[in-house]
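Coordinates as given in query_13.cif (mmCIF, C-alpha atoms and all ligand atoms):
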```cif
data_run
loop_
_atom_site.group_PDB
_atom_site.id
_atom_site.type_symbol
_atom_site.label_atom_id
_atom_site.label_comp_id
_atom_site.auth_asym_id
_atom_site.auth_seq_id
_atom_site.Cartn_x
_atom_site.Cartn_y
_atom_site.Cartn_z
ATOM 1 C CA MET A 1166 8.292 6.308 19.104
ATOM 2 C CA LEU A 1167 6.110 3.964 21.179
ATOM 3 C CA GLU A 1168 2.608 4.992 22.170
ATOM 4 C CA TRP A 1169 -0.309 3.234 23.729
ATOM 5 C CA PRO A 1170 -2.551 1.973 20.966
ATOM 6 C CA ARG A 1171 -5.951 3.524 20.457
ATOM 7 C CA SER A 1172 -7.336 0.095 19.719
ATOM 8 C CA VAL A 1173 -5.838 -3.350 19.570
ATOM 9 C CA VAL A 1174 -6.402 -6.616 17.816
ATOM 10 C CA TRP A 1175 -5.749 -9.708 19.900
ATOM 11 C CA VAL A 1176 -4.190 -12.577 18.042
ATOM 12 C CA PRO A 1177 -4.560 -15.780 20.044
ATOM 13 C CA GLY A 1178 -1.736 -18.279 20.142
ATOM 14 C CA SER A 1179 1.672 -18.025 18.564
ATOM 15 C CA LEU A 1180 2.507 -17.197 14.974
ATOM 16 C CA SER A 1181 4.362 -19.807 12.985
ATOM 17 C CA GLY A 1182 8.094 -19.261 12.881
ATOM 18 C CA MET A 1183 7.919 -16.566 15.544
ATOM 19 C CA PRO A 1184 8.390 -16.638 19.311
ATOM 20 C CA THR A 1185 5.465 -17.658 21.493
ATOM 21 C CA LEU A 1186 4.442 -14.714 23.602
ATOM 22 C CA GLY A 1187 2.370 -16.143 26.388
ATOM 23 C CA SER A 1188 -1.179 -16.405 25.186
ATOM 24 C CA ASP A 1189 -1.591 -13.144 23.337
ATOM 25 C CA VAL A 1190 0.176 -10.838 20.956
ATOM 26 C CA THR A 1191 -1.020 -7.287 20.606
ATOM 27 C CA PHE A 1192 -1.276 -5.581 17.270
ATOM 28 C CA VAL A 1193 -2.288 -2.016 16.681
ATOM 29 C CA ARG A 1194 -5.110 -1.666 14.201
ATOM 30 C CA VAL A 1195 -4.017 0.630 11.417
ATOM 31 C CA THR A 1196 -6.069 2.225 8.727
ATOM 32 C CA ALA A 1197 -4.786 3.466 5.402
ATOM 33 C CA GLU A 1198 -4.834 6.933 6.964
ATOM 34 C CA THR A 1199 -2.806 6.022 10.080
ATOM 35 C CA PRO A 1200 -0.132 8.742 10.135
ATOM 36 C CA GLN A 1201 2.556 6.705 11.895
ATOM 37 C CA VAL A 1202 3.097 3.251 13.271
ATOM 38 C CA THR A 1203 2.056 3.294 16.906
ATOM 39 C CA VAL A 1204 2.651 0.204 18.967
ATOM 40 C CA GLY A 1205 2.172 -0.929 22.525
ATOM 41 C CA PRO A 1206 0.775 -3.964 24.281
ATOM 42 C CA ALA A 1207 -2.359 -3.313 26.231
ATOM 43 C CA HIS A 1208 -1.059 -4.667 29.530
ATOM 44 C CA PRO A 1209 2.207 -3.784 31.349
ATOM 45 C CA VAL A 1210 3.071 -7.477 31.780
ATOM 46 C CA HIS A 1211 2.859 -8.015 28.048
ATOM 47 C CA ARG A 1212 4.752 -4.802 27.503
ATOM 48 C CA ARG A 1213 7.716 -6.135 29.547
ATOM 49 C CA ALA A 1214 7.522 -9.622 28.071
ATOM 50 C CA LEU A 1215 7.348 -8.604 24.453
ATOM 51 C CA GLY A 1216 10.186 -6.098 24.516
ATOM 52 C CA HIS A 1217 12.311 -5.569 21.475
ATOM 53 C CA TRP A 1218 10.904 -8.430 19.397
ATOM 54 C CA GLN A 1219 7.403 -7.059 19.761
ATOM 55 C CA ARG A 1220 8.460 -3.577 18.666
ATOM 56 C CA THR A 1221 10.232 -4.933 15.607
ATOM 57 C CA MET A 1222 7.475 -7.348 14.750
ATOM 58 C CA VAL A 1223 4.635 -4.881 15.154
ATOM 59 C CA SER A 1224 6.443 -2.242 13.115
ATOM 60 C CA ALA A 1225 6.630 -4.733 10.291
ATOM 61 C CA VAL A 1226 3.045 -5.846 10.800
ATOM 62 C CA THR A 1227 1.497 -2.437 10.754
ATOM 63 C CA ASP A 1228 3.615 -0.534 8.258
ATOM 64 C CA PRO A 1229 0.979 1.742 6.645
ATOM 65 C CA SER A 1230 3.161 2.354 3.577
ATOM 66 C CA VAL A 1231 2.225 -1.129 2.325
ATOM 67 C CA LEU A 1232 -1.451 -0.153 2.248
ATOM 68 C CA ARG A 1233 -0.672 3.195 0.641
ATOM 69 C CA ASP A 1234 1.439 1.562 -2.083
ATOM 70 C CA THR A 1235 -1.106 -1.177 -2.765
ATOM 71 C CA ARG A 1236 -3.936 1.338 -2.998
ATOM 72 C CA ALA A 1237 -1.972 3.614 -5.352
ATOM 73 C CA ALA A 1238 -0.980 0.658 -7.530
ATOM 74 C CA TYR A 1239 -4.577 -0.564 -7.905
ATOM 75 C CA ASP A 1240 -5.919 2.974 -8.391
ATOM 76 C CA ALA A 1241 -3.573 3.259 -11.373
ATOM 77 C CA VAL A 1242 -4.687 0.026 -13.082
ATOM 78 C CA ALA A 1243 -8.344 -0.135 -12.031
ATOM 79 C CA PRO A 1244 -9.961 0.445 -15.480
ATOM 80 C CA LEU A 1245 -7.624 -2.051 -17.190
ATOM 81 C CA TYR A 1246 -8.175 -4.600 -14.397
ATOM 82 C CA ALA A 1247 -11.941 -4.232 -14.738
ATOM 83 C CA GLU A 1248 -11.727 -4.688 -18.511
ATOM 84 C CA LEU A 1249 -9.570 -7.817 -18.216
ATOM 85 C CA PHE A 1250 -11.213 -9.576 -15.288
ATOM 86 C CA SER A 1251 -14.842 -8.514 -14.895
ATOM 87 C CA ASN A 1252 -16.118 -11.500 -16.921
ATOM 88 C CA VAL A 1253 -13.496 -13.992 -15.856
ATOM 89 C CA LEU A 1254 -15.802 -16.208 -13.768
ATOM 90 C CA GLU A 1255 -17.590 -17.341 -16.943
ATOM 91 C CA ALA A 1256 -14.465 -19.345 -17.834
ATOM 92 C CA LEU A 1257 -13.768 -20.645 -14.315
ATOM 93 C CA PRO A 1258 -16.107 -23.544 -13.451
ATOM 94 C CA MET A 1259 -14.072 -24.683 -10.441
ATOM 95 C CA GLU A 1260 -14.252 -21.233 -8.844
ATOM 96 C CA ARG A 1261 -17.999 -21.115 -9.555
ATOM 97 C CA VAL A 1262 -18.412 -24.465 -7.801
ATOM 98 C CA MET A 1263 -16.634 -23.171 -4.687
ATOM 99 C CA LEU A 1264 -18.633 -19.934 -4.744
ATOM 100 C CA ALA A 1265 -21.856 -21.926 -5.058
ATOM 101 C CA ALA A 1266 -20.878 -24.140 -2.104
ATOM 102 C CA PHE A 1267 -19.960 -21.041 -0.085
ATOM 103 C CA ALA A 1268 -23.323 -19.419 -0.929
ATOM 104 C CA GLU A 1269 -25.239 -22.543 0.052
ATOM 105 C CA LEU A 1270 -23.431 -22.851 3.388
ATOM 106 C CA VAL A 1271 -23.902 -19.155 4.206
ATOM 107 C CA GLN A 1272 -27.613 -19.417 3.387
ATOM 108 C CA ALA A 1273 -27.951 -22.526 5.536
ATOM 109 C CA HIS A 1274 -26.417 -20.745 8.513
ATOM 110 C CA GLY A 1275 -28.283 -17.489 7.804
ATOM 111 C CA ALA A 1276 -26.279 -15.243 10.076
ATOM 112 C CA GLY A 1277 -25.927 -11.978 8.146
ATOM 113 C CA PRO A 1278 -24.631 -10.415 4.941
ATOM 114 C CA VAL A 1279 -21.476 -11.360 3.049
ATOM 115 C CA ALA A 1280 -18.575 -8.932 2.612
ATOM 116 C CA ASP A 1281 -16.433 -9.346 -0.491
ATOM 117 C CA ILE A 1282 -13.174 -7.933 0.864
ATOM 118 C CA GLY A 1283 -10.733 -6.759 -1.790
ATOM 119 C CA CYS A 1284 -13.642 -6.832 -4.213
ATOM 120 C CA GLY A 1285 -11.906 -5.011 -7.082
ATOM 121 C CA PRO A 1286 -14.482 -4.035 -9.740
ATOM 122 C CA GLY A 1287 -17.203 -6.015 -7.940
ATOM 123 C CA HIS A 1288 -17.834 -8.912 -10.335
ATOM 124 C CA VAL A 1289 -17.499 -11.600 -7.638
ATOM 125 C CA THR A 1290 -19.710 -9.555 -5.298
ATOM 126 C CA ALA A 1291 -22.339 -9.439 -8.066
ATOM 127 C CA HIS A 1292 -21.927 -13.161 -8.797
ATOM 128 C CA VAL A 1293 -22.713 -14.221 -5.224
ATOM 129 C CA HIS A 1294 -25.513 -11.658 -5.051
ATOM 130 C CA ALA A 1295 -27.044 -13.404 -8.077
ATOM 131 C CA LEU A 1296 -26.743 -16.682 -6.133
ATOM 132 C CA GLY A 1297 -29.128 -15.204 -3.561
ATOM 133 C CA LEU A 1298 -26.776 -13.697 -0.974
ATOM 134 C CA THR A 1299 -27.036 -10.236 0.550
ATOM 135 C CA THR A 1300 -23.609 -8.857 -0.268
ATOM 136 C CA PHE A 1301 -21.487 -5.746 -0.303
ATOM 137 C CA GLY A 1302 -17.910 -5.047 -1.354
ATOM 138 C CA ILE A 1303 -14.936 -3.435 0.355
ATOM 139 C CA ASP A 1304 -11.701 -2.431 -1.346
ATOM 140 C CA LEU A 1305 -8.599 -0.436 -0.504
ATOM 141 C CA SER A 1306 -8.608 1.301 -3.888
ATOM 142 C CA SER A 1307 -11.035 4.198 -4.313
ATOM 143 C CA GLU A 1308 -10.833 3.759 -8.100
ATOM 144 C CA MET A 1309 -11.879 0.122 -7.795
ATOM 145 C CA VAL A 1310 -14.755 1.104 -5.516
ATOM 146 C CA ALA A 1311 -15.883 3.767 -8.016
ATOM 147 C CA LEU A 1312 -15.812 1.243 -10.884
ATOM 148 C CA ALA A 1313 -17.668 -1.342 -8.820
ATOM 149 C CA ARG A 1314 -20.379 1.181 -7.924
ATOM 150 C CA ARG A 1315 -20.748 2.161 -11.578
ATOM 151 C CA ALA A 1316 -20.939 -1.451 -12.802
ATOM 152 C CA HIS A 1317 -23.304 -2.604 -10.033
ATOM 153 C CA PRO A 1318 -25.390 0.392 -8.886
ATOM 154 C CA ASP A 1319 -27.749 -1.861 -6.942
ATOM 155 C CA LEU A 1320 -24.946 -3.056 -4.634
ATOM 156 C CA ARG A 1321 -23.007 -1.300 -1.880
ATOM 157 C CA PHE A 1322 -19.232 -0.815 -2.137
ATOM 158 C CA ASP A 1323 -17.069 0.865 0.508
ATOM 159 C CA GLU A 1324 -13.431 1.810 0.812
ATOM 160 C CA GLY A 1325 -11.544 -0.010 3.561
ATOM 161 C CA SER A 1326 -8.733 -2.342 4.487
ATOM 162 C CA MET A 1327 -8.994 -5.957 5.550
ATOM 163 C CA THR A 1328 -6.525 -5.165 8.334
ATOM 164 C CA ALA A 1329 -8.882 -2.697 10.069
ATOM 165 C CA LEU A 1330 -12.492 -3.294 9.094
ATOM 166 C CA ASP A 1331 -15.081 -0.669 9.947
ATOM 167 C CA LEU A 1332 -17.593 -3.337 10.987
ATOM 168 C CA ALA A 1333 -18.996 -4.358 14.358
ATOM 169 C CA ASP A 1334 -18.176 -7.720 15.903
ATOM 170 C CA GLY A 1335 -20.092 -10.729 14.600
ATOM 171 C CA VAL A 1336 -22.176 -8.927 11.971
ATOM 172 C CA LEU A 1337 -21.278 -10.990 8.890
ATOM 173 C CA GLY A 1338 -22.590 -14.350 7.723
ATOM 174 C CA GLY A 1339 -19.683 -14.767 5.321
ATOM 175 C CA ILE A 1340 -16.520 -13.245 3.922
ATOM 176 C CA LEU A 1341 -15.044 -13.609 0.453
ATOM 177 C CA ALA A 1342 -11.427 -12.637 -0.054
ATOM 178 C CA PHE A 1343 -10.755 -13.526 -3.660
ATOM 179 C CA TYR A 1344 -7.090 -13.042 -4.532
ATOM 180 C CA SER A 1345 -6.982 -10.001 -2.254
ATOM 181 C CA ILE A 1346 -4.935 -11.524 0.584
ATOM 182 C CA ILE A 1347 -2.132 -12.137 -1.949
ATOM 183 C CA HIS A 1348 -0.901 -8.557 -1.501
ATOM 184 C CA THR A 1349 -0.836 -8.606 2.286
ATOM 185 C CA PRO A 1350 2.708 -9.145 3.550
ATOM 186 C CA PRO A 1351 2.829 -12.513 5.341
ATOM 187 C CA GLN A 1352 3.568 -10.934 8.752
ATOM 188 C CA GLN A 1353 0.451 -8.782 8.376
ATOM 189 C CA LEU A 1354 -1.905 -11.560 7.332
ATOM 190 C CA PRO A 1355 -2.684 -12.678 10.928
ATOM 191 C CA VAL A 1356 -4.055 -9.176 11.525
ATOM 192 C CA ALA A 1357 -6.464 -9.587 8.592
ATOM 193 C CA PHE A 1358 -7.509 -13.098 9.671
ATOM 194 C CA THR A 1359 -8.156 -11.865 13.212
ATOM 195 C CA GLU A 1360 -10.325 -9.096 11.754
ATOM 196 C CA PHE A 1361 -12.216 -11.695 9.671
ATOM 197 C CA GLN A 1362 -12.740 -13.779 12.800
ATOM 198 C CA ARG A 1363 -13.952 -10.744 14.764
ATOM 199 C CA VAL A 1364 -16.544 -9.548 12.233
ATOM 200 C CA LEU A 1365 -17.936 -12.996 11.347
ATOM 201 C CA ALA A 1366 -20.859 -14.392 13.307
ATOM 202 C CA PRO A 1367 -20.294 -17.836 14.878
ATOM 203 C CA GLY A 1368 -20.866 -20.422 12.137
ATOM 204 C CA GLY A 1369 -19.916 -17.858 9.453
ATOM 205 C CA HIS A 1370 -17.827 -18.941 6.462
ATOM 206 C CA LEU A 1371 -14.719 -17.476 4.856
ATOM 207 C CA LEU A 1372 -13.633 -18.292 1.292
ATOM 208 C CA LEU A 1373 -10.073 -17.362 0.337
ATOM 209 C CA GLY A 1374 -8.744 -17.311 -3.237
ATOM 210 C CA PHE A 1375 -4.952 -17.562 -3.486
ATOM 211 C CA PHE A 1376 -2.036 -18.670 -5.625
ATOM 212 C CA ALA A 1377 -0.482 -21.886 -4.358
ATOM 213 C CA GLY A 1378 3.172 -22.794 -3.961
ATOM 214 C CA ASP A 1379 5.140 -25.753 -2.598
ATOM 215 C CA ASP A 1380 7.430 -23.955 -0.159
ATOM 216 C CA ALA A 1381 6.548 -24.067 3.514
ATOM 217 C CA LEU A 1382 7.184 -20.316 3.775
ATOM 218 C CA PRO A 1383 5.188 -17.864 1.637
ATOM 219 C CA GLN A 1384 7.057 -16.741 -1.478
ATOM 220 C CA GLU A 1385 6.909 -13.320 -3.083
ATOM 221 C CA PHE A 1386 6.276 -13.546 -6.822
ATOM 222 C CA ASP A 1387 6.514 -11.176 -9.726
ATOM 223 C CA HIS A 1388 3.091 -9.510 -9.836
ATOM 224 C CA LYS A 1389 2.529 -6.763 -12.404
ATOM 225 C CA VAL A 1390 0.571 -4.462 -10.079
ATOM 226 C CA THR A 1391 2.232 -4.618 -6.656
ATOM 227 C CA PRO A 1392 4.180 -7.178 -4.534
ATOM 228 C CA ALA A 1393 2.271 -10.404 -3.971
ATOM 229 C CA TYR A 1394 2.822 -13.700 -2.182
ATOM 230 C CA ARG A 1395 1.838 -17.287 -2.801
ATOM 231 C CA TRP A 1396 1.254 -19.789 -0.064
ATOM 232 C CA SER A 1397 1.392 -23.537 0.309
ATOM 233 C CA PRO A 1398 -2.179 -24.654 1.048
ATOM 234 C CA ASP A 1399 -0.999 -26.267 4.299
ATOM 235 C CA SER A 1400 0.768 -23.112 5.536
ATOM 236 C CA LEU A 1401 -2.188 -20.906 4.701
ATOM 237 C CA THR A 1402 -4.578 -23.340 6.381
ATOM 238 C CA GLU A 1403 -2.374 -23.373 9.484
ATOM 239 C CA LEU A 1404 -2.446 -19.571 9.617
ATOM 240 C CA VAL A 1405 -6.247 -19.384 9.435
ATOM 241 C CA ARG A 1406 -6.448 -22.194 11.982
ATOM 242 C CA GLN A 1407 -4.300 -20.114 14.366
ATOM 243 C CA ALA A 1408 -6.805 -17.269 13.942
ATOM 244 C CA GLY A 1409 -9.558 -19.647 15.160
ATOM 245 C CA PHE A 1410 -11.049 -21.019 11.930
ATOM 246 C CA VAL A 1411 -11.715 -24.672 11.089
ATOM 247 C CA GLU A 1412 -11.179 -26.032 7.600
ATOM 248 C CA VAL A 1413 -14.224 -27.050 5.563
ATOM 249 C CA ALA A 1414 -12.739 -27.704 2.105
ATOM 250 C CA ARG A 1415 -9.953 -26.735 -0.240
ATOM 251 C CA MET A 1416 -9.739 -26.749 -4.015
ATOM 252 C CA LEU A 1417 -6.570 -26.628 -6.127
ATOM 253 C CA ARG A 1418 -6.650 -26.437 -9.881
ATOM 254 C CA GLU A 1419 -4.041 -26.200 -12.594
ATOM 255 C CA PRO A 1420 -3.684 -22.827 -14.369
ATOM 256 C CA HIS A 1421 -5.205 -22.218 -17.772
ATOM 257 C CA GLU A 1422 -2.868 -21.247 -20.609
ATOM 258 C CA ASN A 1423 -3.637 -17.525 -20.329
ATOM 259 C CA GLU A 1424 -3.279 -17.420 -16.536
ATOM 260 C CA ARG A 1425 -0.402 -16.999 -14.124
ATOM 261 C CA GLN A 1426 1.331 -20.383 -14.183
ATOM 262 C CA PHE A 1427 0.753 -21.331 -10.553
ATOM 263 C CA GLN A 1428 -1.872 -23.609 -9.106
ATOM 264 C CA HIS A 1429 -4.991 -21.606 -8.180
ATOM 265 C CA GLY A 1430 -6.383 -22.341 -4.738
ATOM 266 C CA GLN A 1431 -9.615 -21.833 -2.842
ATOM 267 C CA LEU A 1432 -9.737 -22.415 0.893
ATOM 268 C CA LEU A 1433 -13.118 -22.581 2.616
ATOM 269 C CA VAL A 1434 -13.109 -22.286 6.410
ATOM 270 C CA ARG A 1435 -15.666 -21.644 9.143
ATOM 271 C CA LYS A 1436 -15.734 -19.758 12.419
ATOM 272 C CA PRO A 1437 -16.800 -22.322 15.014
ATOM 273 C CA HIS A 1438 -19.825 -21.721 17.220
ATOM 274 C CA LYS A 1439 -17.573 -21.962 20.280
ATOM 275 C CA PRO A 1440 -13.891 -20.906 20.176
ATOM 276 C CA GLY A 1441 -11.655 -23.974 19.844
ATOM 277 C CA SER A 1442 -14.545 -26.284 18.945
ATOM 278 C CA PRO A 1443 -14.660 -28.130 15.608
ATOM 279 C CA ARG A 1444 -18.383 -27.246 15.170
HETATM 280 C C1 LIG A 1501 -5.980 -9.224 -7.496
HETATM 281 S S1 LIG A 1501 -7.221 -8.046 -7.107
HETATM 282 C C2 LIG A 1501 -8.637 -9.103 -6.826
HETATM 283 C C3 LIG A 1501 -9.927 -8.402 -7.099
HETATM 284 C C4 LIG A 1501 -11.153 -9.307 -7.095
HETATM 285 N N1 LIG A 1501 -11.379 -9.883 -5.777
HETATM 286 C C5 LIG A 1501 -11.000 -10.398 -8.120
HETATM 287 O O1 LIG A 1501 -11.081 -11.583 -7.741
HETATM 288 O O2 LIG A 1501 -10.795 -10.078 -9.289
HETATM 289 C C6 LIG A 1501 -6.792 -7.570 -5.460
HETATM 290 C C7 LIG A 1501 -7.719 -6.515 -4.875
HETATM 291 O O3 LIG A 1501 -7.520 -6.480 -3.462
HETATM 292 C C8 LIG A 1501 -7.493 -5.134 -3.039
HETATM 293 N N2 LIG A 1501 -6.725 -5.095 -1.781
HETATM 294 C C9 LIG A 1501 -5.402 -5.321 -1.612
HETATM 295 N N3 LIG A 1501 -5.074 -5.200 -0.326
HETATM 296 C C10 LIG A 1501 -6.220 -4.891 0.337
HETATM 297 C C11 LIG A 1501 -6.534 -4.633 1.703
HETATM 298 N N4 LIG A 1501 -5.595 -4.624 2.647
HETATM 299 N N5 LIG A 1501 -7.811 -4.395 2.030
HETATM 300 C C12 LIG A 1501 -8.791 -4.349 1.080
HETATM 301 N N6 LIG A 1501 -8.544 -4.570 -0.224
HETATM 302 C C13 LIG A 1501 -7.277 -4.840 -0.593
HETATM 303 C C14 LIG A 1501 -6.855 -4.378 -4.194
HETATM 304 O O4 LIG A 1501 -7.152 -2.988 -4.174
HETATM 305 C C15 LIG A 1501 -7.463 -5.098 -5.391
HETATM 306 O O5 LIG A 1501 -8.677 -4.523 -5.800
#
```

Would it be possible to restate this file's structure as structure tokens?
Ligand SMILES: C[S@@+](CC[C@H](N)C(=O)[O-])C[C@H]1O[C@@H](n2cnc3c(N)ncnc32)[C@H](O)[C@@H]1O
Amino acid sequence: MLEWPRSVVWVPGSLSGMPTLGSDVTFVRVTAETPQVTVGPAHPVHRRALGHWQRTMVSAVTDPSVLRDTRAAYDAVAPLYAELFSNVLEALPMERVMLAAFAELVQAHGAGPVADIGCGPGHVTAHVHALGLTTFGIDLSSEMVALARRAHPDLRFDEGSMTALDLADGVLGGILAFYSIIHTPPQQLPVAFTEFQRVLAPGGHLLLGFFAGDDALPQEFDHKVTPAYRWSPDSLTELVRQAGFVEVARMLREPHENERQFQHGQLLVRKPHKPGSPR
């Protein structure tokens, strides 16, 4: 059934591999609790123009079962995940370099706190806090949030989804999304990037951790917890560019022996001071 959305996210421009729909595509913002997929462009002209493709596309984009499944999967493994990964940064100098650069840039632009979105047990949140940033964590999994709160009682951790953030426009100086976008189905990722763009202040930075691949289209890979996707660095960069970000730097490193045998990537981008400007 189609309904008018209660709130909408505007995604400027076209999405790669999909039809161009004038200047805007409308997505309904869903939360993990959204009872059903409700879709509908905000303007009658768009409603006529988008037609069947829009209904199909938005259904795929906003399917709340993906969030439910991801949350349940991470709830089930949270203690094991925390045990395996909470100290992992000690052995990852390249990631620490990118986090340090991110922290320095956020401090230089001084525009608000940093949200670690998909924070898991909170070790990356705590790492950047120790670098001098005001940070808090957000995660879909209530078990992860509980573990993060227990491990880091001085920091704030909230439940939430990157696809519908409970944050006002422009309040953040930076966003970390460390290997958390990997579980977002590719069609849904523009919704998350538009949310990141909305909640970041102009000049704010976003650091994405991801698994890299060579194919132009994102590839699903065999992840032990829940379906996950790897991206070619160019395709991922193009997607964040379409959401309005400009690239600052990217880092690719080879996997260690005990890691998933894909290249590990970090993509650092910035929200420009004026939309469409490189600065
Ligand atoms: C691979 S773990 C990464 C955790 C941590 N960032 C790290 O680097 O170890 C992915 C995390 O993202 C969270 N996550 C997945 N989809 C999410 C979403 N839509 N919104 C918020 N968190 C999400 C999961 O619950 C999980 O804790």

Practice prompt. Identify which of the residues A:Glu1419, A:Gly1430, A:Glu1360, A:Asp1334 lies closest to Ala1377 (chain A), counting all atoms listed in the file when measuring atom-to-atom distances.
Written response: A:Gly1430

So which residues are near ligand LIG 1501 (chain A), meaning at most 8 Å away with all atoms listed in the file counted, given back as a PDB file with C-alpha atoms, in the coordinates of the input?
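The resulting pocket_19.pdb:
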```
ATOM      1  CA  LEU A1232      -1.451  -0.153   2.248  1.00  0.00           C
ATOM      2  CA  THR A1235      -1.106  -1.177  -2.765  1.00  0.00           C
ATOM      3  CA  ARG A1236      -3.936   1.338  -2.998  1.00  0.00           C
ATOM      4  CA  ALA A1238      -0.980   0.658  -7.530  1.00  0.00           C
ATOM      5  CA  TYR A1239      -4.577  -0.564  -7.905  1.00  0.00           C
ATOM      6  CA  ASP A1240      -5.919   2.974  -8.391  1.00  0.00           C
ATOM      7  CA  ALA A1243      -8.344  -0.135 -12.031  1.00  0.00           C
ATOM      8  CA  TYR A1246      -8.175  -4.600 -14.397  1.00  0.00           C
ATOM      9  CA  PHE A1250     -11.213  -9.576 -15.288  1.00  0.00           C
ATOM     10  CA  SER A1251     -14.842  -8.514 -14.895  1.00  0.00           C
ATOM     11  CA  ASP A1281     -16.433  -9.346  -0.491  1.00  0.00           C
ATOM     12  CA  ILE A1282     -13.174  -7.933   0.864  1.00  0.00           C
ATOM     13  CA  GLY A1283     -10.733  -6.759  -1.790  1.00  0.00           C
ATOM     14  CA  CYS A1284     -13.642  -6.832  -4.213  1.00  0.00           C
ATOM     15  CA  GLY A1285     -11.906  -5.011  -7.082  1.00  0.00           C
ATOM     16  CA  PRO A1286     -14.482  -4.035  -9.740  1.00  0.00           C
ATOM     17  CA  GLY A1287     -17.203  -6.015  -7.940  1.00  0.00           C
ATOM     18  CA  HIS A1288     -17.834  -8.912 -10.335  1.00  0.00           C
ATOM     19  CA  VAL A1289     -17.499 -11.600  -7.638  1.00  0.00           C
ATOM     20  CA  ILE A1303     -14.936  -3.435   0.355  1.00  0.00           C
ATOM     21  CA  ASP A1304     -11.701  -2.431  -1.346  1.00  0.00           C
ATOM     22  CA  LEU A1305      -8.599  -0.436  -0.504  1.00  0.00           C
ATOM     23  CA  SER A1306      -8.608   1.301  -3.888  1.00  0.00           C
ATOM     24  CA  MET A1309     -11.879   0.122  -7.795  1.00  0.00           C
ATOM     25  CA  GLU A1324     -13.431   1.810   0.812  1.00  0.00           C
ATOM     26  CA  GLY A1325     -11.544  -0.010   3.561  1.00  0.00           C
ATOM     27  CA  SER A1326      -8.733  -2.342   4.487  1.00  0.00           C
ATOM     28  CA  MET A1327      -8.994  -5.957   5.550  1.00  0.00           C
ATOM     29  CA  THR A1328      -6.525  -5.165   8.334  1.00  0.00           C
ATOM     30  CA  ALA A1342     -11.427 -12.637  -0.054  1.00  0.00           C
ATOM     31  CA  PHE A1343     -10.755 -13.526  -3.660  1.00  0.00           C
ATOM     32  CA  TYR A1344      -7.090 -13.042  -4.532  1.00  0.00           C
ATOM     33  CA  SER A1345      -6.982 -10.001  -2.254  1.00  0.00           C
ATOM     34  CA  ILE A1346      -4.935 -11.524   0.584  1.00  0.00           C
ATOM     35  CA  ILE A1347      -2.132 -12.137  -1.949  1.00  0.00           C
ATOM     36  CA  HIS A1348      -0.901  -8.557  -1.501  1.00  0.00           C
ATOM     37  CA  THR A1349      -0.836  -8.606   2.286  1.00  0.00           C
ATOM     38  CA  ALA A1357      -6.464  -9.587   8.592  1.00  0.00           C
ATOM     39  CA  GLY A1374      -8.744 -17.311  -3.237  1.00  0.00           C
TER      40      GLY A1374
END
```

Worksheet item: How many Å separate CA of Ala1311 (chain A) from CA of Pro1350 (chain A)?
Response: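 Atom-to-atom, CA of Ala1311 (chain A) and CA of Pro1350 (chain A) are spaced 25.4 Å apart.
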
Worksheet entry | Test item: the PyMOL selection byres (((chain A and resi 1294-1298) around 10) and not hetatm) resolved as a list in words | Leu1264, Ala1265, Ala1268, Glu1269, Val1271, Gln1272, Gly1275, Gly1277, Pro1278, Val1279, His1288, Val1289, Thr1290, Ala1291, His1292, Val1293, Thr1299, Thr1300, Phe1301, Leu1320, Gly1338 and Gly1339 of chain A

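Taken over the whole file, the PyMOL selection byres (((chain A and resi 1394-1410) around 7) and not hetatm) covers exactly Val1176, Pro1177, Gly1178, Ile1347, His1348, Pro1355, Phe1358, Thr1359, Gln1362, Phe1375, Phe1376, Ala1377, Gly1378, Asp1379, Asp1380, Ala1381, Pro1383, Gln1384, Glu1385, Phe1386, Ala1393, Val1411, Glu1412, Val1434, Arg1435, Lys1436, Pro1437, Pro1440 and Gly1441 of chain A.
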
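CA of Gln1431 (chain A) lies 25.4 Å from CA of Ala1316 (chain A).
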
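Rounded to one decimal, CA of Glu1260 (chain A) and CA of Glu1424 (chain A) lie 13.9 Å from each other.
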